[in-house]
Amino acid sequence: MDLNAVRTFVAVVDAGQFQAAALDLGVTQQAVSKRVAALEKDLGVRLFSRTPRGAELTFDGQAFLPHARALLQAEERAVAAVRPGSRALRVDIVGRRVSLAGLVRDFHRARPDIPLDVVTLPDADTAVAAVRDGTIDATFRAVTMPGQRIPDGIAITPVLDELLHLCTGPAHALAGATAVTPAQLAGHRIWMPGNVPGTEWTAYYEALAAAFGLTIEATGPNFGVEALLDTLAASPSLATFLGPQTPLVWPAGHTVRLVPLRDPAPVYPHSLLWRTDNTHPGLGALRAYLASAPVPRPDGPTWRPSWAAG
């Protein structure tokens, strides 16, 4: 359906006359008449009756009017959904249970005037492609993985080096340690059922395991972080990795332990990626906030994969 003809029809209804509608639309009365005639032909009904008082809606015109207004409102919403400055800033994060999610929430609290749409895409390649295609405005990811290529026109800046801690139950041999080195974890079972082949976090943990001789298992279904913590709390042998700022609500009396890793401290390197030609004002505000936001800085030597940007 020709929305320009629909808009003209509504203008005639609101003005009450073809001539007055023409003045409102900035076109000739002949153009208004042609548009309405074309719409009537498409619909197969008459929409107006001409009277000495002007243009009056027929019964079919009265029935069509609310739908015509709804069509124009839908058009306005569709345009607003993709117009920078009027639509929400679309941001992808690797997960809602990582320290970075808290940083994004802090940005939203600091700038509630900027509508924010947060998504979690399945992997870095999908996220980078979404940035390239304009489906999202920015993504927080650990890049680049081996063999990964960042398309031209996409900028990368480091945002957060997320510290990793060892998470154990109370009966684990390392539960009482004040800190451990990654090398001390050799021979212990690290369980991470959320590791999915082909994702950047799995590539990160594979590199970590190779660097320090660790055994990281991804067996079994992934029932989420809470189920993982329940299993660890009852196990004398299983452990996993968590960030100390991971936003979790632990039940009262929960007995899991977080043991810092040192010498070196493994860090998960989050970077922000965005298209350099993206003009969404919220993107500039996000970048400015991240540049000035206080983030925890690791003390002492750290480790990251050789392929990680940063």
# chains A, B, ... in the order shown; residues from 1 in each chain; ligands from 1

$ select_by_dssp --residues "region 3-149 of chain A" --states "alpha helix (DSSP H)" --output "number ranges by chain"
A: 3-15, 18-25, 29-43, 59-82, 99-110, 124-133

$ closest_atom_pairs --of "region 177-263 of chain A" --to "region 295-302 of chain A" --cutoff "10 Å" --atoms "only C-alpha atoms" --output "CSV"
residue,atom,partner,partner_atom,distance
A:Gln245,CA,A:Pro296,CA,9.5
A:Leu261,CA,A:Thr302,CA,9.6
A:Arg262,CA,A:Pro301,CA,7.8
A:Asp263,CA,A:Pro301,CA,6.0

$ write_last_selection --atoms "C-alpha atoms" --output "PDB file, in the first residue's frame"
ATOM      1  CA  GLN A 245      33.230  -9.015  40.583  1.00  0.00           C
ATOM      2  CA  LEU A 261      45.432 -16.368  41.365  1.00  0.00           C
ATOM      3  CA  ARG A 262      48.886 -14.760  41.422  1.00  0.00           C
ATOM      4  CA  ASP A 263      52.302 -14.815  39.734  1.00  0.00           C
TER       5      ASP A 263
END

$ closest_residue --among "A:Phe64, A:Tyr204, A:Phe140, A:Phe223" --to "Trp307 (chain A)" --atoms "only C-alpha atoms"
A:Tyr204

$ residues_around --residues "Asp230 (chain A)" --least-positions-apart "3" --cutoff "9 Å" --atoms "only C-alpha atoms" --output "list of chain:residue names"
A:Gly169, A:Val225, A:Glu226, A:Ala227, A:Ala233, A:Ala234, A:Ser235, A:His254, A:Val256
